[in-house]
Structures are given as structure tokens and as C-alpha cells.
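Student: For reference, this is query_12.json, and it has JSON, C-alpha atoms.
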```
[["chain", "number", "residue", "atom", "x", "y", "z"],
["A", 1, "MET", "CA", 0.00, 0.00, 0.00],
["A", 2, "THR", "CA", 1.50, 3.32, -1.10],
["A", 3, "SER", "CA", 1.30, 6.09, 1.45],
["A", 4, "SER", "CA", 2.13, 9.74, 1.12],
["A", 5, "VAL", "CA", 0.58, 11.00, 4.37],
["A", 6, "PRO", "CA", 1.89, 10.36, 7.90],
["A", 7, "ILE", "CA", -1.40, 8.81, 9.01],
["A", 8, "ARG", "CA", -2.09, 5.10, 9.03],
["A", 9, "ASN", "CA", -5.68, 3.88, 8.95],
["A", 10, "ALA", "CA", -7.53, 0.65, 9.64],
["A", 11, "ILE", "CA", -10.43, 1.33, 7.31],
["A", 12, "ARG", "CA", -9.98, -1.75, 5.15],
["A", 13, "ARG", "CA", -9.85, -4.07, 8.16],
["A", 14, "LEU", "CA", -12.83, -2.34, 9.79],
["A", 15, "ARG", "CA", -14.86, -2.61, 6.58],
["A", 16, "PHE", "CA", -14.35, -6.36, 6.50],
["A", 17, "GLU", "CA", -15.16, -6.66, 10.17],
["A", 18, "HIS", "CA", -18.43, -4.78, 9.64],
["A", 19, "GLY", "CA", -20.19, -7.16, 7.31],
["A", 20, "GLU", "CA", -17.71, -6.71, 4.47],
["A", 21, "MET", "CA", -18.87, -3.16, 3.94],
["A", 22, "THR", "CA", -17.95, -1.88, 0.50],
["A", 23, "GLN", "CA", -16.06, 1.34, -0.16],
["A", 24, "ALA", "CA", -19.17, 2.73, -1.82],
["A", 25, "GLN", "CA", -21.31, 1.98, 1.24],
["A", 26, "LEU", "CA", -18.78, 3.61, 3.54],
["A", 27, "GLY", "CA", -18.58, 6.55, 1.16],
["A", 28, "GLU", "CA", -22.32, 7.08, 1.40],
["A", 29, "LEU", "CA", -22.17, 7.07, 5.18],
["A", 30, "ALA", "CA", -19.23, 9.48, 5.21],
["A", 31, "HIS", "CA", -20.69, 11.70, 2.44],
["A", 32, "VAL", "CA", -17.74, 11.19, 0.11],
["A", 33, "THR", "CA", -17.25, 9.22, -3.11],
["A", 34, "ARG", "CA", -16.03, 5.65, -3.33],
["A", 35, "GLN", "CA", -12.86, 6.95, -4.96],
["A", 36, "THR", "CA", -12.18, 9.23, -1.98],
["A", 37, "ILE", "CA", -12.55, 6.28, 0.41],
["A", 38, "ALA", "CA", -10.13, 4.33, -1.79],
["A", 39, "ALA", "CA", -7.64, 7.22, -1.73],
["A", 40, "ILE", "CA", -7.91, 7.44, 2.08],
["A", 41, "GLU", "CA", -7.38, 3.67, 2.45],
["A", 42, "GLN", "CA", -4.31, 3.81, 0.24],
["A", 43, "GLY", "CA", -2.86, 6.66, 2.26],
["A", 44, "LYS", "CA", -3.01, 9.05, -0.68],
["A", 45, "TYR", "CA", -5.42, 11.47, 0.91],
["A", 46, "SER", "CA", -5.96, 12.79, 4.45],
["A", 47, "PRO", "CA", -9.66, 13.39, 5.10],
["A", 48, "SER", "CA", -10.93, 16.42, 6.95],
["A", 49, "LEU", "CA", -11.81, 16.08, 10.61],
["A", 50, "GLU", "CA", -15.48, 15.97, 9.74],
["A", 51, "VAL", "CA", -15.07, 13.08, 7.28],
["A", 52, "ALA", "CA", -12.73, 11.25, 9.67],
["A", 53, "PHE", "CA", -15.38, 11.48, 12.41],
["A", 54, "ARG", "CA", -18.11, 10.32, 10.01],
["A", 55, "ILE", "CA", -16.00, 7.28, 9.09],
["A", 56, "ALA", "CA", -15.42, 6.44, 12.75],
["A", 57, "LEU", "CA", -19.13, 6.91, 13.40],
["A", 58, "ALA", "CA", -19.97, 4.54, 10.54],
["A", 59, "PHE", "CA", -17.92, 1.83, 12.28],
["A", 60, "GLY", "CA", -19.13, 2.77, 15.73],
["A", 61, "VAL", "CA", -15.58, 3.10, 17.07],
["A", 62, "PRO", "CA", -13.50, 5.98, 18.45],
["A", 63, "ILE", "CA", -11.65, 7.96, 15.81],
["A", 64, "GLY", "CA", -8.32, 6.86, 17.28],
["A", 65, "GLU", "CA", -9.14, 3.27, 16.35],
["A", 66, "VAL", "CA", -9.54, 4.26, 12.71],
["A", 67, "PHE", "CA", -6.62, 6.66, 12.26],
["A", 68, "GLU", "CA", -3.14, 6.59, 13.76],
["A", 69, "TRP", "CA", -0.41, 9.22, 13.47],
["A", 70, "VAL", "CA", 2.86, 7.64, 12.33],
["A", 71, "GLY", "CA", 4.72, 10.77, 11.29],
["B", 1, "MET", "CA", -13.61, 6.40, -12.55],
["B", 2, "SER", "CA", -15.76, 8.97, -10.76],
["B", 3, "PHE", "CA", -18.23, 11.24, -12.56],
["B", 4, "ARG", "CA", -16.03, 14.28, -12.10],
["B", 5, "GLU", "CA", -12.93, 12.48, -13.35],
["B", 6, "LYS", "CA", -14.83, 11.46, -16.49],
["B", 7, "THR", "CA", -15.98, 15.07, -16.92],
["B", 8, "ALA", "CA", -12.36, 16.26, -16.64],
["B", 9, "TRP", "CA", -11.22, 13.79, -19.30],
["B", 10, "ILE", "CA", -14.09, 14.80, -21.59],
["B", 11, "SER", "CA", -13.15, 18.45, -21.22],
["B", 12, "LEU", "CA", -9.47, 17.74, -21.84],
["B", 13, "LEU", "CA", -9.93, 15.59, -24.93],
["B", 14, "THR", "CA", -12.67, 17.65, -26.60],
["B", 15, "THR", "CA", -10.80, 20.93, -26.00],
["B", 16, "LEU", "CA", -7.64, 19.42, -27.45],
["B", 17, "ALA", "CA", -9.47, 18.06, -30.50],
["B", 18, "VAL", "CA", -11.58, 21.12, -31.37],
["B", 19, "TRP", "CA", -9.03, 23.84, -30.65],
["B", 20, "GLY", "CA", -6.22, 21.71, -32.06],
["B", 21, "TYR", "CA", -8.11, 21.60, -35.36],
["B", 22, "TYR", "CA", -8.74, 25.36, -35.20],
["B", 23, "PHE", "CA", -5.14, 26.38, -34.58],
["B", 24, "ILE", "CA", -3.75, 23.98, -37.18],
["B", 25, "ALA", "CA", -6.17, 25.48, -39.72],
["B", 26, "LEU", "CA", -5.16, 28.97, -38.63],
["B", 27, "LEU", "CA", -1.44, 28.22, -39.01],
["B", 28, "ARG", "CA", -2.03, 26.77, -42.48],
["B", 29, "ALA", "CA", -3.99, 29.84, -43.53],
["B", 30, "LEU", "CA", -1.33, 32.21, -42.21],
["B", 31, "SER", "CA", 1.46, 30.20, -43.83],
["B", 32, "ALA", "CA", -0.35, 30.19, -47.16],
["B", 33, "GLY", "CA", -0.88, 33.94, -46.88],
["B", 34, "ASN", "CA", -4.65, 33.66, -47.38],
["B", 35, "ALA", "CA", -5.91, 34.23, -43.86],
["B", 36, "ASP", "CA", -9.31, 35.87, -44.22],
["B", 37, "SER", "CA", -10.64, 37.49, -41.07],
["B", 38, "GLY", "CA", -14.24, 36.68, -41.93],
["B", 39, "ASP", "CA", -13.52, 33.01, -42.58],
["B", 40, "LEU", "CA", -11.44, 32.68, -39.43],
["B", 41, "LEU", "CA", -14.10, 34.37, -37.31],
["B", 42, "GLY", "CA", -16.66, 31.95, -38.72],
["B", 43, "MET", "CA", -14.39, 29.02, -37.91],
["B", 44, "PHE", "CA", -13.81, 30.39, -34.39],
["B", 45, "VAL", "CA", -17.53, 30.71, -33.70],
["B", 46, "GLY", "CA", -18.13, 27.28, -35.21],
["B", 47, "CYS", "CA", -15.50, 25.74, -32.93],
["B", 48, "VAL", "CA", -16.99, 27.37, -29.84],
["B", 49, "VAL", "CA", -20.46, 26.07, -30.75],
["B", 50, "LEU", "CA", -19.08, 22.61, -31.59],
["B", 51, "LEU", "CA", -17.11, 22.37, -28.35],
["B", 52, "VAL", "CA", -20.10, 23.37, -26.23],
["B", 53, "ALA", "CA", -22.38, 20.93, -28.09],
["B", 54, "VAL", "CA", -19.93, 18.02, -27.85],
["B", 55, "GLN", "CA", -19.27, 18.59, -24.15],
["B", 56, "ILE", "CA", -23.00, 18.80, -23.43],
["B", 57, "VAL", "CA", -23.68, 15.57, -25.32],
["B", 58, "PHE", "CA", -20.86, 13.66, -23.61],
["B", 59, "GLY", "CA", -21.84, 15.16, -20.26],
["B", 60, "VAL", "CA", -25.44, 14.03, -20.67],
["B", 61, "VAL", "CA", -24.33, 10.52, -21.70],
["B", 62, "VAL", "CA", -22.05, 10.18, -18.68],
["B", 63, "ALA", "CA", -24.68, 11.64, -16.34],
["B", 64, "ALA", "CA", -27.29, 9.21, -17.69],
["B", 65, "ARG", "CA", -25.00, 6.29, -16.91],
["B", 66, "MET", "CA", -24.19, 7.64, -13.43],
["B", 67, "PRO", "CA", -27.39, 9.41, -12.34],
["B", 68, "GLY", "CA", -26.67, 9.43, -8.62],
["B", 69, "ALA", "CA", -23.12, 10.71, -9.01],
["B", 70, "ALA", "CA", -24.09, 13.49, -11.41],
["B", 71, "SER", "CA", -26.60, 15.02, -9.02],
["B", 72, "THR", "CA", -24.39, 14.71, -5.95],
["B", 73, "PRO", "CA", -22.27, 17.75, -5.03],
["B", 74, "ALA", "CA", -18.48, 17.38, -5.26],
["B", 75, "ASP", "CA", -16.94, 15.94, -2.10],
["B", 76, "GLU", "CA", -14.00, 17.55, -0.27],
["B", 77, "ARG", "CA", -11.29, 15.72, -2.23],
["B", 78, "GLU", "CA", -12.91, 16.59, -5.56],
["B", 79, "ARG", "CA", -13.25, 20.25, -4.53],
["B", 80, "LEU", "CA", -9.59, 20.26, -3.50],
["B", 81, "ILE", "CA", -8.51, 18.77, -6.83],
["B", 82, "GLU", "CA", -10.58, 21.27, -8.78],
["B", 83, "ALA", "CA", -9.23, 24.20, -6.75],
["B", 84, "LYS", "CA", -5.62, 23.07, -7.19],
["B", 85, "ALA", "CA", -5.98, 22.61, -10.95],
["B", 86, "THR", "CA", -7.74, 25.97, -11.31],
["B", 87, "ARG", "CA", -5.01, 27.73, -9.34],
["B", 88, "ILE", "CA", -2.29, 26.35, -11.62],
["B", 89, "ALA", "CA", -4.33, 27.15, -14.74],
["B", 90, "TYR", "CA", -4.79, 30.73, -13.58],
["B", 91, "VAL", "CA", -1.03, 31.19, -13.41],
["B", 92, "VAL", "CA", -0.67, 29.71, -16.90],
["B", 93, "LEU", "CA", -3.37, 32.07, -18.19],
["B", 94, "GLY", "CA", -1.61, 35.05, -16.66],
["B", 95, "VAL", "CA", 1.72, 34.09, -18.20],
["B", 96, "GLY", "CA", 0.08, 33.51, -21.58],
["B", 97, "VAL", "CA", -1.77, 36.81, -21.68],
["B", 98, "MET", "CA", 1.28, 38.79, -20.49],
["B", 99, "THR", "CA", 3.39, 37.08, -23.15],
["B", 100, "VAL", "CA", 0.93, 38.13, -25.87],
["B", 101, "ALA", "CA", 0.91, 41.66, -24.48],
["B", 102, "ALA", "CA", 4.71, 41.80, -24.43],
["B", 103, "VAL", "CA", 5.08, 40.41, -27.95],
["B", 104, "SER", "CA", 2.32, 42.51, -29.53],
["B", 105, "PRO", "CA", 4.34, 45.69, -30.22],
["B", 106, "PHE", "CA", 7.09, 43.69, -31.95],
["B", 107, "LEU", "CA", 4.51, 41.72, -33.91],
["B", 108, "ALA", "CA", 2.77, 44.88, -35.09],
["B", 109, "ALA", "CA", 6.07, 46.37, -36.17],
["B", 110, "SER", "CA", 7.18, 43.30, -38.08],
["B", 111, "ALA", "CA", 3.80, 42.45, -39.61],
["B", 112, "PRO", "CA", 4.44, 44.24, -42.96],
["B", 113, "PHE", "CA", 7.60, 42.18, -43.39],
["B", 114, "MET", "CA", 6.10, 38.88, -42.18],
["B", 115, "PHE", "CA", 2.99, 38.96, -44.31],
["B", 116, "HIS", "CA", 2.42, 39.69, -47.97],
["B", 117, "ASP", "CA", 0.39, 42.82, -47.39],
["B", 118, "ALA", "CA", 1.37, 45.87, -45.35],
["B", 119, "SER", "CA", -1.84, 46.01, -43.34],
["B", 120, "THR", "CA", -1.80, 45.28, -39.66],
["B", 121, "ALA", "CA", -4.87, 43.04, -39.99],
["B", 122, "ASN", "CA", -2.81, 39.85, -39.79],
["B", 123, "ALA", "CA", -0.87, 41.12, -36.80],
["B", 124, "THR", "CA", -4.15, 41.90, -35.06],
["B", 125, "LEU", "CA", -5.43, 38.46, -36.00],
["B", 126, "ILE", "CA", -2.38, 36.82, -34.46],
["B", 127, "MET", "CA", -2.62, 38.86, -31.28],
["B", 128, "ALA", "CA", -6.30, 38.00, -30.85],
["B", 129, "ASN", "CA", -5.64, 34.33, -31.48],
["B", 130, "GLY", "CA", -2.68, 34.52, -29.12],
["B", 131, "ILE", "CA", -5.07, 35.45, -26.35],
["B", 132, "VAL", "CA", -7.44, 32.67, -27.39],
["B", 133, "LEU", "CA", -4.49, 30.26, -27.33],
["B", 134, "ALA", "CA", -3.59, 31.41, -23.80],
["B", 135, "VAL", "CA", -7.16, 30.72, -22.65],
["B", 136, "VAL", "CA", -7.21, 27.31, -24.38],
["B", 137, "VAL", "CA", -3.86, 26.27, -22.90],
["B", 138, "ALA", "CA", -5.04, 27.34, -19.44],
["B", 139, "GLU", "CA", -8.20, 25.28, -19.88],
["B", 140, "LEU", "CA", -6.12, 22.28, -20.98],
["B", 141, "VAL", "CA", -3.90, 22.69, -17.91],
["B", 142, "LYS", "CA", -6.99, 22.88, -15.69],
["B", 143, "SER", "CA", -8.80, 19.84, -17.05],
["B", 144, "GLY", "CA", -5.55, 17.91, -17.57],
["B", 145, "GLY", "CA", -4.44, 18.73, -14.06],
["B", 146, "GLN", "CA", -7.75, 17.51, -12.69],
["B", 147, "ALA", "CA", -7.56, 14.30, -14.71],
["B", 148, "VAL", "CA", -4.02, 13.56, -13.47],
["B", 149, "LEU", "CA", -4.83, 14.35, -9.84],
["B", 150, "PHE", "CA", -7.96, 12.19, -9.98],
["B", 151, "ARG", "CA", -5.91, 9.33, -11.48],
["B", 152, "LEU", "CA", -3.21, 9.63, -8.85],
["B", 153, "GLY", "CA", -5.82, 9.76, -6.11],
["B", 154, "ASN", "CA", -3.65, 12.32, -4.39],
["B", 155, "ALA", "CA", -5.26, 15.72, -3.89],
["B", 156, "ARG", "CA", -2.16, 17.24, -2.27]]
```
Could the structure of this file be written out as C-alpha cells, please?
Tutor:
Amino acid sequence: MTSSVPIRNAIRRLRFEHGEMTQAQLGELAHVTRQTIAAIEQGKYSPSLEVAFRIALAFGVPIGEVFEWVG
Amino acid sequence: MSFREKTAWISLLTTLAVWGYYFIALLRALSAGNADSGDLLGMFVGCVVLLVAVQIVFGVVVAARMPGAASTPADERERLIEAKATRIAYVVLGVGVMTVAAVSPFLAASAPFMFHDASTANATLIMANGIVLAVVVAELVKSGGQAVLFRLGNAR
């Protein structure tokens, strides 16, 4: 997985743990496109705080369990 | 490919095709020494109409195949990509227009020697098309920049 931002995320693992949620489904819940979810998963894009919280909310976990600072 | 990425590619390719044809025709006319202002104006207007029509048709086709995506507002990454590409294109436009402005006096002075007739009509034609070229290049940079950034996935 290529990464250009100093933030690691567990979105892919969490999607599989939550009924194999698709990127499109997560995108709908977070109000972003499937492509944006894909870019976030691949570490190519850092979401805003709002989108990060929406993603965490979609999984029902604290935001710190979704995103981790590795910089 | 998202709806907005497809729209960027449509804009890039249609702009390249239509204005590429126009400027090649213009260069041929100038080289042959038979550039008629009326004919060129007609071709310019025709290209504008053609470009708008083609982009509308392609846009409608893409929107019909992706109805949900077309009616949804751009998300934050898409807005960021569009803003970044527009910012770069604005700089290109500024450089292009200033270049035309800087070259214009020299072009006007050399026009009688460059063209078969001593009128400044051809020099004026070139200056006007120089500005059009600057706008077209800026538009290509904008839509091309968007297409590349969408492909890379990286909005930074």
C-alpha cells in the first residue's frame, strides 16, 4: 500500500469486520465518493476532521481506532 | 472512474481536439498567406459552438450512466482537486496573456515584413488568437491537471 501522508488507517480491516462493507457503502455514510474512500485507504489522501469522524461513526468506534499518526 | 474524473477527461480531450483543429487550420492559412478574417471568425464561432455541443452531449451521456453521481455535489477531495488545478491554470493564463501583451508591439512592427500585405490586420489576427491560445492552454492545464490528480488519487 502506497502512502504519502503520515497517518495510518484501519479502514480496510474495519470494513471487512463490519459485514464486508464496500467502499461505496462507507462513502455514502461518510458523504464522500467511493474513490475518496479508496484514496484514504491507500494513504493518498488525508480526510478532513469531519469526514474522519463520520468514518469512525460509521464503524461505531473511536476515531483513534480508525486513524493513527505515524509521522 | 468517478463522474467528475470522467468530466475532466471529456473536457481535456474535446478541447484538445476542437481547438487543435482550429489552430492547425489557422497556421495553415497564415502560412499560405490567405488568412481571411471573416472566414477565421466563422471558424472560431463554429469551434466554440461545436465544443459546447460536444461537451454537453458527452456530459449528458455520462450523467445518464451515473445518475446518482451526477446530481451529488463534489466531495471535499474533488473540490480540492478542482481548486488546485484551477489555481495552476490561472497562473498559466496570466503568463500567456502577459506574453501576448509583451510580444504585440514587436509583432505589429514586423507584420508588414512577415505577411504579404502591409496592413496590420494579420498582426491583429495573431494577437487576438494569441489570447485565445492562452485561454485554451489554461483550460487544458486545468482539465488535464484535474484528470491527473484524480488518477493519482492524491489531492495534495
Student: For the atom pair CA of Phe67 in chain A and CA of Leu49 in chain A, what is the interatomic distance in Å to one decimal place?
Tutor: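 Interatomic distance here is 10.9 Å.
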Student: Just give me the gap between CA of Gly144 in chain B and CA of Val49 in chain B in Å, one decimal is fine.
Tutor: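 Atom-to-atom, CA of Gly144 in chain B and CA of Val49 in chain B are spaced 21.5 Å apart.
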Student: Select from chain B every residue with an atom at most 10 Å from any atom of chain A, then for each give the shortest pair of atoms and their distance in Å to one decimal, using all atoms listed in the file, rows by chain and rising number, as CSV.
Tutor:
```
residue,atom,partner,partner_atom,distance
B:Met1,CA,A:Gln35,CA,7.6
B:Ser2,CA,A:Gln35,CA,6.8
B:Phe3,CA,A:Thr33,CA,9.7
B:Ala69,CA,A:Thr33,CA,8.5
B:Thr72,CA,A:Thr33,CA,9.4
B:Pro73,CA,A:Val32,CA,9.5
B:Ala74,CA,A:Val32,CA,8.2
B:Asp75,CA,A:Val32,CA,5.3
B:Glu76,CA,A:Val32,CA,7.4
B:Arg77,CA,A:Thr36,CA,6.6
B:Glu78,CA,A:Thr36,CA,8.2
B:Phe150,CA,A:Gln35,CA,8.8
B:Arg151,CA,A:Gln35,CA,9.8
B:Leu152,CA,A:Lys44,CA,8.2
B:Gly153,CA,A:Ala39,CA,5.4
B:Asn154,CA,A:Lys44,CA,5.0
B:Ala155,CA,A:Tyr45,CA,6.4
B:Arg156,CA,A:Tyr45,CA,7.4
```
Student: How far is it from CA of Leu51 in chain B to CA of Val18 in chain B, in Å with one decimal?
Tutor: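 For CA of Leu51 in chain B relative to CA of Val18 in chain B, the distance reads 6.4 Å.
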Student: Which residue is closest to Val148 in chain B? Choose from B:Leu40, B:Ala17, B:Ala32, B:Ile81 and count all atoms listed in the file.
Tutor: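 Closest residue, counting all atoms listed in the file: B:Ile81.
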Student: Within 9 Å of (-7.6, 11.3, -19.1) (file coordinates; all atoms listed in the file), which protein or nucleic acid residues are there? I'd like them as number ranges by chain.
Tutor: B: 5-6, 8-10, 12-13, 143-144, 146-148, 151
Student: Please write the residues from the selection above to a file, keeping C-alpha atoms, as a PDB file, in the coordinates of the input.
Tutor:
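Just written: part-v1.pdb:
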```pdb
ATOM      1  CA  GLU B   5     -12.930  12.480 -13.350  1.00  0.00           C
ATOM      2  CA  LYS B   6     -14.830  11.460 -16.490  1.00  0.00           C
ATOM      3  CA  ALA B   8     -12.360  16.260 -16.640  1.00  0.00           C
ATOM      4  CA  TRP B   9     -11.220  13.790 -19.300  1.00  0.00           C
ATOM      5  CA  ILE B  10     -14.090  14.800 -21.590  1.00  0.00           C
ATOM      6  CA  LEU B  12      -9.470  17.740 -21.840  1.00  0.00           C
ATOM      7  CA  LEU B  13      -9.930  15.590 -24.930  1.00  0.00           C
ATOM      8  CA  SER B 143      -8.800  19.840 -17.050  1.00  0.00           C
ATOM      9  CA  GLY B 144      -5.550  17.910 -17.570  1.00  0.00           C
ATOM     10  CA  GLN B 146      -7.750  17.510 -12.690  1.00  0.00           C
ATOM     11  CA  ALA B 147      -7.560  14.300 -14.710  1.00  0.00           C
ATOM     12  CA  VAL B 148      -4.020  13.560 -13.470  1.00  0.00           C
ATOM     13  CA  ARG B 151      -5.910   9.330 -11.480  1.00  0.00           C
TER      14      ARG B 151
END
```
Student: My list of candidates is B:Met43, B:Val54, B:Ala134, B:Ala83. Which is closest to Thr99 in chain B when distances are computed with all atoms listed in the file?
Tutor: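 For Thr99 in chain B, the nearest of the given residues is B:Ala134.
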Student: Env of Val57 in chain B: 12 Å cut, atoms = all atoms listed in the file, seq-sep filter 6 positions within chain, self excluded. Answer as a list in words.
Tutor: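 That gives Thr7, Ile10, Ser11, Thr14, Leu50, Leu51, Ala63 and Ala64 of chain B.
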Student: Quick one: residues within 7 Å of Asn9 in chain A, all atoms listed in the file counted, chain neighbours fewer than 4 positions away excluded, as a ChimeraX atom specification?
Tutor: /A:41,66-68
Student: Residues near Trp69 in chain A, anyone? I mean within 7 Å using all atoms listed in the file, not counting same-chain ones fewer than 2 positions away, as a PyMOL selection string.
Tutor: chain A and resi 6-8+67+71
Student: Under the rule that only C-alpha atoms are counted, which of B:Val103, B:Tyr90, B:Gly42, B:Gly96 is the nearest residue to Val132 in chain B?
Tutor: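 Once distances to Val132 in chain B are computed over only C-alpha atoms, the minimum belongs to B:Gly96.
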Student: Which residue out of B:Asn122, B:Thr15, B:Gly20, B:Ser31 has the minimum interatomic distance to Val141 in chain B when all atoms listed in the file are used?
Tutor: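 Between B:Asn122, B:Thr15, B:Gly20, B:Ser31, the residue approaching Val141 in chain B most closely is B:Thr15.
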Student: Using only C-alpha atoms, which residue out of B:Ala138, B:Val45, B:Leu16, B:Ile131 lies closest to Val92 in chain B?
Tutor: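 Selected residue with least distance to Val92 in chain B: B:Ala138.
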